[in-house]
>>> print(open('final.cif').read())   # mmCIF, C-alpha atoms
data_target
#
loop_
_atom_site.label_atom_id
_atom_site.label_comp_id
_atom_site.auth_asym_id
_atom_site.auth_seq_id
_atom_site.Cartn_x
_atom_site.Cartn_y
_atom_site.Cartn_z
CA MET A 1 85.31 68.47 36.20
CA LYS A 2 82.92 71.15 34.90
CA GLN A 3 85.77 73.07 33.29
CA GLN A 4 87.13 69.89 31.70
CA VAL A 5 83.72 69.20 30.16
CA LEU A 6 83.48 72.77 28.86
CA ALA A 7 86.98 72.52 27.42
CA GLY A 8 86.05 69.28 25.66
CA VAL A 9 82.91 70.87 24.25
CA GLY A 10 84.94 73.83 22.99
CA VAL A 11 87.49 71.67 21.22
CA ALA A 12 84.69 69.57 19.72
CA ALA A 13 82.95 72.73 18.49
CA MET A 14 86.16 73.91 16.80
CA ALA A 15 86.62 70.50 15.16
CA ALA A 16 83.01 70.59 13.96
CA VAL A 17 83.46 74.05 12.42
CA ILE A 18 86.57 72.85 10.58
CA ALA A 19 84.90 69.65 9.37
CA VAL A 20 81.68 71.29 8.18
CA ALA A 21 83.47 74.25 6.57
CA THR A 22 85.85 71.86 4.78
CA GLY A 23 82.96 69.75 3.53
CA LEU A 24 81.03 72.76 2.26
CA GLY A 25 83.98 74.75 1.01
CA ALA A 26 85.11 72.44 -1.79
CA GLY A 27 88.31 74.43 -2.18
CA ASN A 28 86.61 77.82 -1.84
CA ALA A 29 86.67 80.25 1.07
CA PRO A 30 85.11 78.35 4.01
CA THR A 31 81.84 79.89 5.18
CA LEU A 32 79.03 78.82 7.51
CA ALA A 33 75.68 80.62 7.23
CA GLY A 34 77.43 83.34 5.25
CA VAL A 35 80.14 83.91 7.88
CA ARG A 36 83.75 83.02 7.23
CA ALA A 37 84.67 80.03 9.40
CA GLU A 38 87.84 81.76 10.63
CA PHE A 39 85.70 84.29 12.49
CA LEU A 40 83.72 81.49 14.13
CA LEU A 41 86.90 79.84 15.36
CA PHE A 42 88.23 83.17 16.62
CA ALA A 43 84.95 83.80 18.45
CA LEU A 44 85.19 80.37 20.08
CA THR A 45 88.78 81.18 21.10
CA LEU A 46 87.70 84.45 22.74
CA LEU A 47 84.85 82.67 24.50
CA GLY A 48 87.38 80.14 25.80
CA VAL A 49 89.58 82.95 27.10
CA ALA A 50 86.58 84.36 28.96
CA LEU A 51 85.65 81.00 30.48
CA PHE A 52 89.15 79.71 31.29
CA HIS A 53 91.03 82.81 32.42
CA HIS A 54 93.55 80.62 34.26
CA ARG A 55 94.39 78.79 31.02
CA THR A 56 94.45 81.66 28.55
CA LEU A 57 97.66 80.64 26.77
CA GLU A 58 96.46 77.08 26.27
CA VAL A 59 93.12 78.34 24.91
CA ALA A 60 94.80 80.78 22.54
CA LEU A 61 97.21 78.11 21.25
CA THR A 62 94.29 75.72 20.65
CA GLY A 63 92.49 78.42 18.69
CA LEU A 64 95.59 79.17 16.64
CA VAL A 65 96.06 75.50 15.74
CA ALA A 66 92.40 75.25 14.73
CA ILE A 67 92.55 78.36 12.53
CA LEU A 68 95.75 77.16 10.87
CA ALA A 69 94.21 73.75 10.22
CA LEU A 70 91.20 75.42 8.60
CA LYS A 71 93.49 77.56 6.42
CA PHE A 72 95.63 74.64 5.29
CA LEU A 73 92.58 72.51 4.45
CA ASN A 74 90.53 75.16 2.64
CA VAL A 75 92.58 78.12 1.43
CA SER A 76 94.90 76.93 -1.33
CA GLU A 77 96.72 80.26 -1.62
CA PHE A 78 97.53 80.41 2.12
CA ASP A 79 101.30 80.62 2.69
CA LEU A 80 102.20 80.39 6.38
CA VAL A 81 105.88 81.22 5.87
CA SER A 82 105.05 84.37 3.92
CA HIS A 83 102.43 85.38 6.48
CA LEU A 84 104.80 84.94 9.42
CA HIS A 85 107.50 86.85 7.57
CA HIS A 86 105.07 89.76 7.19
CA GLU A 87 104.00 89.64 10.83
CA ALA A 88 107.41 88.89 12.37
CA GLN A 89 108.39 92.48 13.14
CA ILE A 90 105.08 93.19 14.87
CA LEU A 91 105.30 90.08 17.02
CA ILE A 92 109.01 90.43 17.90
CA ASN A 93 108.57 94.07 18.79
CA LEU A 94 105.49 93.36 20.89
CA LEU A 95 107.19 90.54 22.80
CA GLY A 96 110.28 92.67 23.35
CA LEU A 97 108.25 95.53 24.76
CA LEU A 98 106.11 93.37 27.04
CA LEU A 99 109.15 91.71 28.61
CA GLY A 100 111.34 94.82 28.52
CA PHE A 101 108.80 96.99 30.28
CA ALA A 102 108.42 94.31 32.95
CA VAL A 103 112.11 94.93 33.70
CA LEU A 104 111.47 98.70 33.63
CA ALA A 105 108.61 98.33 36.13
CA ARG A 106 110.84 96.37 38.50
CA HIS A 107 113.61 99.01 38.28
CA PHE A 108 111.02 101.70 39.01
CA GLU A 109 109.65 99.74 41.94
CA GLN A 110 113.12 99.21 43.41
CA SER A 111 114.03 102.87 42.97
CA GLU A 112 111.81 103.52 46.03
CA ILE A 113 110.06 106.42 44.27
CA PRO A 114 106.67 104.64 44.62
CA GLU A 115 107.25 104.50 48.39
CA LEU A 116 107.57 108.29 48.50
CA LEU A 117 104.51 109.08 46.38
CA PRO A 118 102.04 108.98 49.31
CA ASN A 119 103.64 112.25 50.42
CA TRP A 120 102.74 113.85 47.08
CA LEU A 121 99.36 112.35 46.19
CA PRO A 122 96.10 113.53 47.84
CA ASP A 123 95.08 111.37 50.78
CA ASP A 124 91.52 110.46 49.77
CA TRP A 125 89.91 109.19 46.53
CA LYS A 126 91.41 112.15 44.69
CA GLY A 127 94.83 110.50 45.00
CA GLY A 128 93.67 107.70 42.72
CA PHE A 129 92.27 110.17 40.20
CA VAL A 130 95.51 112.17 40.16
CA LEU A 131 97.43 108.95 39.55
CA LEU A 132 95.22 108.12 36.55
CA CYS A 133 95.78 111.64 35.20
CA LEU A 134 99.55 111.14 35.49
CA VAL A 135 99.29 107.87 33.53
CA PHE A 136 97.24 109.70 30.88
CA VAL A 137 99.88 112.43 30.51
CA MET A 138 102.79 109.97 30.43
CA SER A 139 101.12 108.01 27.65
CA SER A 140 100.98 111.07 25.41
CA PHE A 141 104.73 110.75 24.82
CA LEU A 142 105.58 107.25 26.13
CA ASP A 143 104.52 103.82 24.92
CA ASN A 144 101.19 102.90 26.52
CA ILE A 145 102.68 99.72 28.00
CA ALA A 146 105.31 101.73 29.87
CA ALA A 147 102.74 104.21 31.16
CA ALA A 148 100.46 101.41 32.38
CA MET A 149 103.30 99.50 34.03
CA ILE A 150 104.57 102.58 35.86
CA GLY A 151 101.03 103.47 36.95
CA GLY A 152 100.39 99.92 38.13
CA THR A 153 103.65 99.82 40.08
CA VAL A 154 102.81 103.07 41.85
CA ALA A 155 99.28 101.88 42.61
CA MET A 156 100.58 98.62 44.05
CA HIS A 157 102.61 100.56 46.63
CA VAL A 158 100.25 103.37 47.56
CA TYR A 159 97.33 100.94 47.92
CA LYS A 160 99.39 98.28 49.74
CA GLY A 161 98.94 95.71 46.96
CA ARG A 162 95.11 95.68 47.16
CA LEU A 163 93.78 96.90 43.82
CA ASP A 164 90.20 96.72 42.60
CA ILE A 165 89.83 95.28 39.07
CA GLY A 166 87.89 98.41 38.15
CA PHE A 167 90.90 100.55 39.03
CA LEU A 168 93.23 98.27 37.05
CA ALA A 169 90.91 98.69 34.06
CA ALA A 170 91.07 102.45 34.57
CA ILE A 171 94.89 102.43 34.55
CA VAL A 172 94.82 100.61 31.20
CA ALA A 173 92.17 102.98 29.87
CA ALA A 174 94.18 106.03 30.97
CA SER A 175 97.29 104.72 29.22
CA ASN A 176 95.37 104.08 25.99
CA ALA A 177 93.39 107.33 26.06
CA GLY A 178 96.50 109.40 26.73
CA GLY A 179 98.11 108.38 23.45
CA ALA A 180 94.98 108.73 21.31
CA GLY A 181 95.70 112.28 20.14
CA SER A 182 99.49 112.05 19.87
CA VAL A 183 101.36 110.74 16.83
CA VAL A 184 104.08 109.39 19.14
CA GLY A 185 101.76 108.13 21.88
CA ASP A 186 100.10 105.18 20.17
CA THR A 187 100.80 102.72 17.37
CA THR A 188 97.68 103.64 15.43
CA THR A 189 98.36 107.38 15.39
CA THR A 190 101.98 106.77 14.37
CA MET A 191 100.73 104.66 11.46
CA MET A 192 98.43 107.50 10.40
CA TRP A 193 101.22 110.05 10.64
CA ILE A 194 103.64 107.97 8.56
CA ALA A 195 100.90 107.46 5.97
CA GLY A 196 100.56 111.23 5.59
CA VAL A 197 97.91 112.25 8.12
CA SER A 198 98.94 115.53 9.76
CA TRP A 199 99.53 115.48 13.51
CA THR A 200 96.92 118.24 13.77
CA ASP A 201 94.31 115.93 12.24
CA VAL A 202 94.53 113.48 15.17
CA LEU A 203 95.05 116.01 17.97
CA HIS A 204 91.32 116.57 18.46
CA ALA A 205 91.02 112.97 19.70
CA TYR A 206 91.74 114.55 23.10
CA VAL A 207 88.34 116.26 22.91
CA ALA A 208 86.99 112.74 23.49
CA ALA A 209 89.83 111.31 25.58
CA VAL A 210 89.72 113.97 28.31
CA PRO A 211 86.00 113.63 29.15
CA ALA A 212 86.39 109.86 28.96
CA LEU A 213 89.20 110.12 31.53
CA VAL A 214 87.00 112.25 33.80
CA ILE A 215 84.12 109.74 33.56
CA PHE A 216 85.98 106.49 34.22
CA GLY A 217 88.65 108.16 36.37
CA LEU A 218 86.30 109.62 38.94
CA ILE A 219 84.27 106.42 39.22
CA ALA A 220 87.32 104.14 39.39
CA ALA A 221 89.06 106.35 41.97
CA ARG A 222 86.03 106.12 44.27
CA GLN A 223 85.82 102.37 43.65
CA GLN A 224 89.42 101.95 44.71
CA HIS A 225 89.05 104.21 47.74
CA ALA A 226 86.13 102.10 48.96
CA TYR A 227 88.12 98.90 48.36
CA GLN A 228 91.45 100.10 49.80
CA PRO A 229 92.17 103.73 50.80
CA ILE A 230 95.44 105.25 49.66
CA GLN A 231 98.41 105.26 52.01
CA LYS A 232 98.52 108.71 53.61
CA ASP A 233 102.23 109.06 54.38
CA ALA A 234 105.42 107.49 53.13
CA LYS A 235 107.36 105.16 55.38
CA PRO A 236 110.16 106.95 57.27
CA GLY A 237 113.74 106.52 56.12
CA VAL A 238 113.02 105.82 52.45
CA ARG A 239 115.92 106.76 50.18
CA ILE A 240 115.78 106.97 46.39
CA ALA A 241 118.07 104.55 44.51
CA TRP A 242 119.30 106.94 41.84
CA SER A 243 121.04 104.26 39.81
CA ARG A 244 117.66 102.62 39.22
CA VAL A 245 116.10 105.98 38.35
CA LEU A 246 118.82 106.36 35.73
CA ALA A 247 118.03 102.85 34.44
CA VAL A 248 114.35 103.77 34.07
CA ALA A 249 115.26 106.99 32.26
CA LEU A 250 117.59 105.15 29.87
CA ILE A 251 114.91 102.59 28.99
CA LEU A 252 112.31 105.28 28.33
CA VAL A 253 114.71 107.36 26.21
CA GLY A 254 115.73 104.24 24.31
CA ALA A 255 112.09 103.41 23.58
CA ILE A 256 111.27 106.92 22.36
CA ALA A 257 114.44 107.29 20.26
CA THR A 258 114.18 103.97 18.44
CA ASN A 259 110.44 104.44 17.99
CA VAL A 260 111.08 107.68 16.10
CA LEU A 261 114.27 106.63 14.30
CA LEU A 262 113.74 102.92 13.62
CA ASP A 263 110.01 102.41 14.24
CA PHE A 264 111.16 99.54 16.46
CA PRO A 265 111.11 100.66 20.12
CA ALA A 266 111.93 97.22 21.53
CA VAL A 267 115.48 97.59 20.19
CA GLY A 268 116.07 100.71 22.25
CA VAL A 269 114.42 99.22 25.32
CA TRP A 270 116.69 96.17 25.38
CA ALA A 271 119.82 98.12 24.48
CA ALA A 272 119.12 100.37 27.49
CA ILE A 273 118.42 97.35 29.74
CA VAL A 274 121.81 95.86 28.82
CA VAL A 275 123.60 99.17 29.46
CA ALA A 276 121.78 99.61 32.78
CA ALA A 277 122.84 96.11 33.86
CA LEU A 278 126.44 97.35 33.77
CA PHE A 279 125.93 99.79 36.67
CA THR A 280 122.92 98.48 38.63
CA GLN A 281 121.56 95.08 39.53
CA THR A 282 118.79 93.83 37.25
CA ASP A 283 116.09 91.46 38.47
CA TRP A 284 115.96 89.05 35.53
CA LYS A 285 113.40 86.87 37.32
CA VAL A 286 110.59 89.15 36.12
CA ILE A 287 111.08 87.86 32.56
CA PRO A 288 110.07 84.22 33.21
CA ALA A 289 107.21 85.52 35.35
CA SER A 290 105.91 87.61 32.42
CA ILE A 291 106.58 85.22 29.54
CA LYS A 292 103.31 83.26 29.71
CA GLY A 293 101.08 86.33 29.60
CA SER A 294 103.21 87.85 26.86
CA LEU A 295 103.04 84.71 24.72
CA PHE A 296 99.26 84.71 25.20
CA LEU A 297 98.97 88.14 23.58
CA ILE A 298 101.40 87.16 20.81
CA THR A 299 99.25 84.10 20.07
CA LEU A 300 96.03 86.11 20.12
CA VAL A 301 97.48 88.77 17.82
CA THR A 302 98.60 86.00 15.45
CA CYS A 303 95.08 84.59 15.43
CA ALA A 304 93.70 88.05 14.64
CA SER A 305 96.20 88.50 11.79
CA LEU A 306 94.83 85.33 10.16
CA MET A 307 91.30 86.72 9.92
CA PRO A 308 90.08 87.56 6.38
CA VAL A 309 89.54 91.27 7.00
CA GLU A 310 89.84 92.62 3.48
CA THR A 311 87.26 95.40 3.64
CA LEU A 312 85.53 97.69 6.10
CA PRO A 313 82.10 99.33 5.90
CA ASP A 314 81.94 102.78 4.29
CA PRO A 315 83.69 105.43 6.42
CA SER A 316 81.35 107.16 8.85
CA TRP A 317 81.18 108.02 12.52
CA VAL A 318 79.07 104.88 13.02
CA THR A 319 81.82 102.75 11.48
CA ALA A 320 84.44 104.44 13.67
CA LEU A 321 82.33 103.88 16.81
CA GLY A 322 81.94 100.21 15.90
CA LEU A 323 85.67 99.79 15.27
CA GLY A 324 86.28 100.88 18.86
CA PHE A 325 84.16 98.04 20.17
CA VAL A 326 85.74 95.59 17.71
CA SER A 327 89.23 96.60 18.84
CA ALA A 328 88.37 95.38 22.35
CA VAL A 329 88.82 91.83 21.04
CA PHE A 330 90.58 92.31 17.71
CA ASP A 331 94.06 93.69 17.08
CA ASN A 332 93.76 97.35 16.12
CA ILE A 333 96.80 97.40 13.82
CA PRO A 334 95.17 95.63 10.84
CA LEU A 335 91.97 97.60 11.42
CA THR A 336 93.88 100.89 11.28
CA LYS A 337 95.82 99.79 8.20
CA LEU A 338 92.57 98.98 6.39
CA ALA A 339 91.08 102.34 7.39
CA ILE A 340 94.15 104.20 6.10
CA ASP A 341 94.02 102.33 2.79
CA GLN A 342 90.29 102.99 2.53
CA GLY A 343 90.58 106.70 3.40
CA GLY A 344 87.73 109.12 4.04
CA TYR A 345 87.89 109.08 7.85
CA ASP A 346 87.95 111.80 10.45
CA TRP A 347 91.34 110.70 11.75
CA GLY A 348 90.94 112.13 15.24
CA VAL A 349 87.68 110.25 15.73
CA LEU A 350 89.23 107.05 14.37
CA ALA A 351 92.36 107.45 16.52
CA TYR A 352 90.26 107.76 19.66
CA ALA A 353 88.07 104.78 18.73
CA VAL A 354 90.74 102.23 17.83
CA GLY A 355 93.23 103.50 20.41
CA PHE A 356 90.91 103.58 23.41
CA GLY A 357 88.56 100.74 22.43
CA GLY A 358 90.95 97.99 23.50
CA SER A 359 90.60 99.13 27.12
CA MET A 360 87.16 97.54 27.32
CA MET A 361 88.68 94.06 27.72
CA TRP A 362 91.81 93.01 29.63
CA PHE A 363 93.29 91.27 26.58
CA GLY A 364 92.12 94.00 24.18
CA SER A 365 95.36 95.96 24.45
CA SER A 366 99.01 95.26 25.08
CA ALA A 367 98.85 97.54 28.14
CA GLY A 368 96.09 95.38 29.61
CA VAL A 369 98.00 92.15 29.12
CA ALA A 370 101.21 93.68 30.52
CA LEU A 371 99.41 94.90 33.64
CA SER A 372 97.66 91.56 34.11
CA ASN A 373 101.08 89.90 34.27
CA ILE A 374 101.61 91.84 37.52
CA PHE A 375 98.02 91.55 38.74
CA PRO A 376 96.63 88.12 37.75
CA GLN A 377 93.22 88.98 39.20
CA ALA A 378 92.72 91.23 36.15
CA LYS A 379 92.51 88.15 33.90
CA SER A 380 88.78 87.86 34.38
CA VAL A 381 86.45 88.95 31.61
CA GLY A 382 83.52 88.95 34.02
CA GLY A 383 85.39 91.00 36.60
CA TRP A 384 86.68 93.44 33.98
CA ILE A 385 83.16 94.03 32.65
CA THR A 386 81.34 94.22 35.98
CA ARG A 387 83.97 96.30 37.81
CA GLY A 388 85.32 98.17 34.79
CA TRP A 389 81.96 99.10 33.27
CA HIS A 390 82.91 102.76 33.59
CA VAL A 391 85.50 102.30 30.80
CA VAL A 392 82.72 101.48 28.32
CA LEU A 393 80.70 104.42 29.63
CA GLY A 394 83.71 106.71 29.28
CA TYR A 395 84.30 105.52 25.71
CA VAL A 396 80.72 106.23 24.63
CA VAL A 397 80.50 109.59 26.43
CA GLY A 398 83.87 110.71 25.06
CA PHE A 399 82.87 109.72 21.54
CA ALA A 400 79.57 111.61 21.87
CA VAL A 401 81.30 114.76 23.19
CA LEU A 402 83.76 114.72 20.28
CA LEU A 403 81.02 114.16 17.70
CA PHE A 404 78.68 116.85 19.05
CA ALA A 405 81.46 119.37 19.69
CA LEU A 406 83.34 119.07 16.39
CA GLY A 407 81.25 116.83 14.16
CA TRP A 408 82.53 114.36 11.56
CA HIS A 409 85.10 115.91 9.20
CA PRO A 410 86.86 113.33 7.02
CA HIS A 411 90.21 114.19 5.44
CA PRO A 412 92.09 112.43 2.65
CA VAL A 413 95.52 110.98 3.36
CA ALA A 414 98.09 113.35 1.89
CA GLY A 415 100.67 110.63 1.28
CA PRO A 416 103.62 109.21 3.23
CA VAL A 417 105.63 111.60 5.38
CA GLU A 418 108.86 112.43 3.57
CA GLY A 419 111.69 110.22 4.84
CA ALA A 420 109.36 107.90 6.74
CA THR A 421 110.12 104.61 5.06
CA ALA A 422 109.92 102.21 8.00
CA ALA A 423 106.93 99.92 8.13
CA PRO A 424 104.47 101.19 10.71
CA GLU A 425 103.39 97.75 11.81
CA THR A 426 106.30 97.27 14.18
CA HIS A 427 104.86 99.00 17.23
CA SER A 428 103.35 97.42 20.28
CA GLY A 429 99.71 97.23 19.33
CA HIS A 430 97.04 98.96 21.38
#
>>> encode(input="final.cif", output="structure tokens")
Amino acid sequence: MKQQVLAGVGVAAMAAVIAVATGLGAGNAPTLAGVRAEFLLFALTLLGVALFHHRTLEVALTGLVAILALKFLNVSEFDLVSHLHHEAQILINLLGLLLGFAVLARHFEQSEIPELLPNWLPDDWKGGFVLLCLVFVMSSFLDNIAAAMIGGTVAMHVYKGRLDIGFLAAIVAASNAGGAGSVVGDTTTTMMWIAGVSWTDVLHAYVAAVPALVIFGLIAARQQHAYQPIQKDAKPGVRIAWSRVLAVALILVGAIATNVLLDFPAVGVWAAIVVAALFTQTDWKVIPASIKGSLFLITLVTCASLMPVETLPDPSWVTALGLGFVSAVFDNIPLTKLAIDQGGYDWGVLAYAVGFGGSMMWFGSSAGVALSNIFPQAKSVGGWITRGWHVVLGYVVGFAVLLFALGWHPHPVAGPVEGATAAPETHSGH
């Protein structure tokens, strides 16, 4: 009953924002107390996600309908068809990766490799830290969703299915931090590279990402060890299913190849899944199980794309630090695009901020949403903050280390990389 009352209050608040903004707007951009009404509706949507973590898709869809209603009533130049056409590749690619990597995770799980890992990982809390380091390294050349899903699958086996939310947050953070300094490891860095930023100008993001990993990794590994110690030895008689290992390899190669060649990794992922289905059994049931969480992120990204973010504050390390916190609740692709157009950033600092910042909330990155499809307990804003507080600490400490070690050195964008004509917006998001 309490949740029903809160839901009713939320819907009423959204309706009130729309009504008041429409009455005051008179055909102009709708604002309340100097703030664009779209941001108020988006904030109410995020608050609803925090309060109703078992109804996240319904909350996100309600917010999307409210924002669209506001746009139609107040913004005469708003063209929904044109907007969706512009965003279609981002959304299709994101949905394809979220569902495709769910299939990859199941192939990896059924390969029996996770069952053998207790023989190779340290037996105490250091096993969890080593696992986070492996996720970090994988994400430097793989999509962060794939790295998080593989890490989560391994953790599920070596910890017998009992994972602390703080450790789940650390897996997401490791996958996002690992790609921060690589132009093929994260959407945002790939966008910078295509725009003309040299790969060497983002590489120093690792000066922040590595200490951040040490901070949150050590704390999260001890959290997990106290909650559920790692399995010391593998079960006897485990045999690797090499056909499934080959399926995993094909999917990863397909993702990397089409990311580089087509800037559309979902195409390669699904082509490899179809090929793999010809020689090994595929568990298609993971797709319906993942669809609701995936559609939630798609809806939230669509809401974010409708926000009137035309300008950013002047480039500075303070702005970059703030963008990291903003990216915890706001899609980092439009933020990065605005920063590239604006110019004048230290691209390594910006790459770390917008790439890692989404780890501070479970729905702040595609890796977080993908992992929460496997571990529903992660869909708790309160739990993520109280148990995953070390991710925020790691972000701030890493940023400080980078700033004090190397300082703030902005570089102009040289211009698009020769031959790179594909639109950079088609990656997977955070």
>>> residues_around(input="final.cif", residues="Ile92 of chain A", least_positions_apart="4", cutoff="9 Å", atoms="only C-alpha atoms", output="PyMOL selection string")
chain A and resi 87-88+96-97+266+298+426
>>> residues_around(input="final.cif", residues="Pro229 of chain A", least_positions_apart="5", cutoff="9 Å", atoms="only C-alpha atoms", output="number ranges by chain")
A: 123-125, 158-159, 224
>>> residues_near_point(input="final.cif", point="(78.8, 107.5, 33.5)", cutoff="12 Å", atoms="all atoms listed in the file", output="ChimeraX atom specification")
/A:211-220,388-398
>>> atom_distance(input="final.cif", atom1="atom CA of Leu261 of chain A", atom2="atom CA of Gly181 of chain A")
20.3 Å
>>> residues_around(input="final.cif", residues="Leu46 of chain A", least_positions_apart="4", cutoff="10 Å", atoms="all atoms listed in the file", output="PyMOL selection string")
chain A and resi 40-42+50-52+56+59-60+63+300+329-330+363
>>> atom_distance(input="final.cif", atom1="atom CA of Asp263 of chain A", atom2="atom CA of Leu335 of chain A")
18.9 Å
>>> residues_around(input="final.cif", residues="Ile113 of chain A", least_positions_apart="4", cutoff="10 Å", atoms="only C-alpha atoms", output="VMD selection string")
chain A and resid 108 to 109 117 to 118 154 157 238 to 242 244 to 245
>>> closest_residue(input="final.cif", among="A:Thr336, A:Asn373, A:Ser305, A:Ser359", to="Ala195 of chain A", atoms="all atoms listed in the file")
A:Thr336
>>> atom_distance(input="final.cif", atom1="atom CA of Val326 of chain A", atom2="atom CA of Ala208 of chain A")
18.1 Å
>>> resolve_selection(input="final.cif", expression="the PyMOL selection byres ((chain A and resi 356) around 9)", output="list in words")
Ala173, Ala174, Ser175, Asn176, Ala177, Gly178, Gly179, Ala180, Ala209, Gly324, Ser327, Ala328, Ala351, Tyr352, Ala353, Val354, Gly355, Gly357, Gly358, Ser359, Met360, Ser365, Tyr395 and His430 of chain A
>>> closest_residue(input="final.cif", among="A:Ala339, A:Cys133, A:Gly268, A:Ala234", to="Thr319 of chain A", atoms="all atoms listed in the file")
A:Ala339
>>> resolve_selection(input="final.cif", expression="the PyMOL selection byres ((chain A and resi 68-70) around 9)", output="PyMOL selection string")
chain A and resi 17-19+21-22+30+37-38+63-67+71-75+80+303+306
>>> resolve_selection(input="final.cif", expression="the PyMOL selection byres ((chain A and resi 405) around 12)", output="list of chain:residue names")
A:His204, A:Ala205, A:Tyr206, A:Val207, A:Ala208, A:Pro211, A:Val349, A:Val397, A:Gly398, A:Phe399, A:Ala400, A:Val401, A:Leu402, A:Leu403, A:Phe404, A:Leu406, A:Gly407, A:Trp408, A:His409
>>> closest_residue(input="final.cif", among="A:Leu47, A:Leu84, A:Val318, A:Leu163", to="Tyr227 of chain A", atoms="all atoms listed in the file")
A:Leu163
>>> residues_around(input="final.cif", residues="Ala247 of chain A", least_positions_apart="6", cutoff="9 Å", atoms="only C-alpha atoms", output="PyMOL selection string")
chain A and resi 104+107-108+272-273+275-277+279-280
>>> closest_residue(input="final.cif", among="A:Met361, A:Leu278, A:Ile287, A:Val35", to="Arg387 of chain A", atoms="only C-alpha atoms")
A:Met361
>>> closest_residue(input="final.cif", among="A:Leu95, A:Leu32, A:Val184, A:His53", to="Thr299 of chain A", atoms="all atoms listed in the file")
A:Leu95
>>> residues_near_point(input="final.cif", point="(103.7, 104.1, 44.9)", cutoff="12 Å", atoms="only C-alpha atoms", output="ChimeraX atom specification")
/A:105,108-121,127-128,131,149-161,230-235
>>> closest_residue(input="final.cif", among="A:Pro308, A:Val260, A:Phe129, A:Ala370", to="Val286 of chain A", atoms="all atoms listed in the file")
A:Ala370
